[in-house]
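Q: The structure under discussion is supplied below as structure tokens; questions concerning it will follow.
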Amino acid sequence: MDRSSISHPWKSTLACSLGRQLHSRGKLSYVLDGDNLRHGLNKNLGFSPEDRAENIRRVGEVAKLFADSGLICIASLISPYRKDRDGCRELLPENFIEVFLNMPLELCERRDPKGLYKLARAGKIKGFTGIDDPYEPPLKCEIEIELEGKGGHCPTPNEMAGQVVSYLEDRGYLEAPSASSQR
């Protein structure tokens, strides 16, 4: 079974669910969604390896600005190359948390609201991550979300977001800053 985090049908849904859960806890966050960014900040970029690297670099820089201001930035992106993700990790050494949606490719193809997988399989989209372009799974992600149990239950977006929130809570990311650490 080929497992990939590719044009992932859950990435934006998970990001929005996570944003809502953080908001319900009184935390300020902002979702940087890859699809939306490609209509504005990154509209001049294509999908070549070089353009993908620049897309991720730009988003990393924006995420750093948000983090510097005290916001929790949720970057919902397809980032197929380890080198690019590692570059963002270097920008945010204490605040980069990589969430790997490790789902079977077949499941992603079944839940494809835009029909992109069908187009890629038909050869109408070239360089599609997971089909005819590589995906390099993370070697050191902080959170990996996968199918659960023997039957392969797919967690709901709220369950996935709950896993992320639990990680953040367990490691103190959601604690209020002390008065001495505020600017």
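Order determines the names: the first chain of the structure tokens is A, the second B, and so forth; residues in each chain are numbered 1 upward, and ligands are numbered 1 upward as they are shown.
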Please provide as a PyMOL selection string all residues within 8 Å of A:Leu147, with the sequence filter that same-chain residues fewer than 3 positions apart are discarded (counting only C-alpha atoms).
A: chain A and resi 102-103+152-155
Q: Let me see the file: selected residues, C-alpha atoms, as a tab-separated table (two decimals), in the first residue's frame.
A:
chain	number	residue	atom	x	y	z
A	102	ASN	CA	-0.13	9.52	6.63
A	103	MET	CA	-3.09	8.14	4.71
A	152	GLY	CA	-8.58	1.23	9.26
A	153	HIS	CA	-10.94	3.84	10.75
A	154	CYS	CA	-10.13	7.28	9.39
A	155	PRO	CA	-10.24	9.84	12.20
Q: Would you list the contacts of A:Gly70 as an MDAnalysis selection string, taking every protein, DNA or RNA residue within 9 Å and counting only C-alpha atoms, but skipping same-chain residues closer than 4 positions in sequence?
A: chainID A and resid 28:29 65:66
Q: Which residues come within 9 Å of A:Ile143, counting only C-alpha atoms, excluding same-chain residues fewer than 4 positions away, as a compact mmCIF listing (two decimals) with N, CA, C and O atoms, in the first residue's frame?
A:
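Below you can see around10.txt, which holds the result:
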# COMPACT_ATOMS: atom_id res chain seq x y z
N ILE A 97 6.14 22.56 14.23
CA ILE A 97 5.54 21.26 14.56
C ILE A 97 4.99 20.69 13.27
O ILE A 97 4.03 21.22 12.70
N GLU A 98 5.61 19.64 12.81
CA GLU A 98 5.20 19.02 11.55
C GLU A 98 4.16 17.95 11.82
O GLU A 98 4.38 17.04 12.62
N VAL A 99 3.01 18.08 11.15
CA VAL A 99 1.94 17.10 11.24
C VAL A 99 1.89 16.36 9.91
O VAL A 99 1.68 16.96 8.86
N PHE A 100 2.11 15.07 9.97
CA PHE A 100 2.13 14.22 8.77
C PHE A 100 0.81 13.45 8.70
O PHE A 100 0.53 12.60 9.54
N LEU A 101 -0.01 13.78 7.70
CA LEU A 101 -1.24 13.03 7.45
C LEU A 101 -0.87 11.82 6.61
O LEU A 101 -0.80 11.89 5.40
N GLN A 163 -5.90 15.52 18.26
CA GLN A 163 -4.56 14.97 18.44
C GLN A 163 -3.52 16.07 18.47
O GLN A 163 -2.58 16.05 19.28
N VAL A 164 -3.69 17.06 17.59
CA VAL A 164 -2.74 18.17 17.53
C VAL A 164 -2.85 19.02 18.80
O VAL A 164 -1.83 19.37 19.41
N TYR A 167 -1.18 17.34 21.72
CA TYR A 167 0.27 17.48 21.62
C TYR A 167 0.69 18.86 22.12
O TYR A 167 1.63 18.99 22.91
Q: I need the residue nearest A:Gly60 from this list: A:Leu116, A:Leu32, A:Leu168, A:Ile145. Use only C-alpha atoms for the distance.
A: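 Closest to A:Gly60, using only C-alpha atoms: A:Leu32.
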Q: Would you please extract all alpha helix (DSSP H) residues from stretch 19-93 of chain A, as assigned by DSSP on the backbone, and give them as a ChimeraX atom specification?
A: /A:19-24,34-37,49-68,82-91
Q: So that I can see what lies close to A:Tyr81, please list as a list in words the residues with an atom at most 7 Å from it, counting only C-alpha atoms and leaving out residues fewer than 2 positions away in the same chain.
A: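 Listed by chain and then number, they are Ser79, Lys83, Asp84, Arg85, Tyr135 and Glu136 of chain A.
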Q: What is the atom CA of A:Lys43 to atom CA of A:Cys88 distance in Å?
A: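 Spanning atom CA of A:Lys43 to atom CA of A:Cys88 is a straight-line distance of 20.0 Å.
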Q: For A:Arg38, which of A:Glu50, A:Leu18, A:Val59, A:Val165 is the closest residue, counting only C-alpha atoms?
A: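 Closest to A:Arg38, using only C-alpha atoms: A:Val59.
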Q: When you count only C-alpha atoms, which of these residues is closest to A:Glu94: A:Arg171, A:Arg25, A:Glu54, A:Phe47?
A: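 Looking only at the distances to A:Glu94, the closest residue turns out to be A:Arg171.
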Q: To one decimal place, how far is atom CA of A:Thr13 from atom CA of A:Met160 in Å?
A: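 The value is 9.8 Å.
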Q: If I take atom CA of A:Ser76 and atom CA of A:Glu175, how far is one from the other in Å, to one decimal?
A: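 Atom-to-atom, atom CA of A:Ser76 to atom CA of A:Glu175, that is 23.3 Å.
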Q: Write out as a PyMOL selection string the residues lying within 9 Å of A:Ala120, counting only C-alpha atoms and excluding same-chain residues fewer than 6 positions away.
A: chain A and resi 126-128+131-132
Q: Kindly export the residues of the current selection with C-alpha atoms, as a tab-separated table (two decimals), in the first residue's frame.
A:
chain	number	residue	atom	x	y	z
A	126	LYS	CA	1.80	16.62	-14.86
A	127	GLY	CA	4.04	16.68	-11.79
A	128	PHE	CA	1.28	15.68	-9.41
A	131	ILE	CA	1.26	10.16	-8.89
A	132	ASP	CA	4.12	11.17	-11.18
Q: Going by DSSP on the backbone, which residues of stretch 13-140 of chain A come out as strand (DSSP E or B)? List them as a list in words.
A: Ser29, Tyr30, Val31, Leu32, Asp33, Ile72, Cys73, Ile74, Ala75, Ser76, Val99, Phe100, Leu101, Asn102, Met103, Pro104, Thr129 and Asp133 of chain A
Q: So, counting only C-alpha atoms, which residue among A:Pro113, A:Gly149, A:Gly19, A:Pro80 is closest to A:Pro137?
A: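 When distances to A:Pro137 are compared using only C-alpha atoms, the smallest one comes from A:Pro80.
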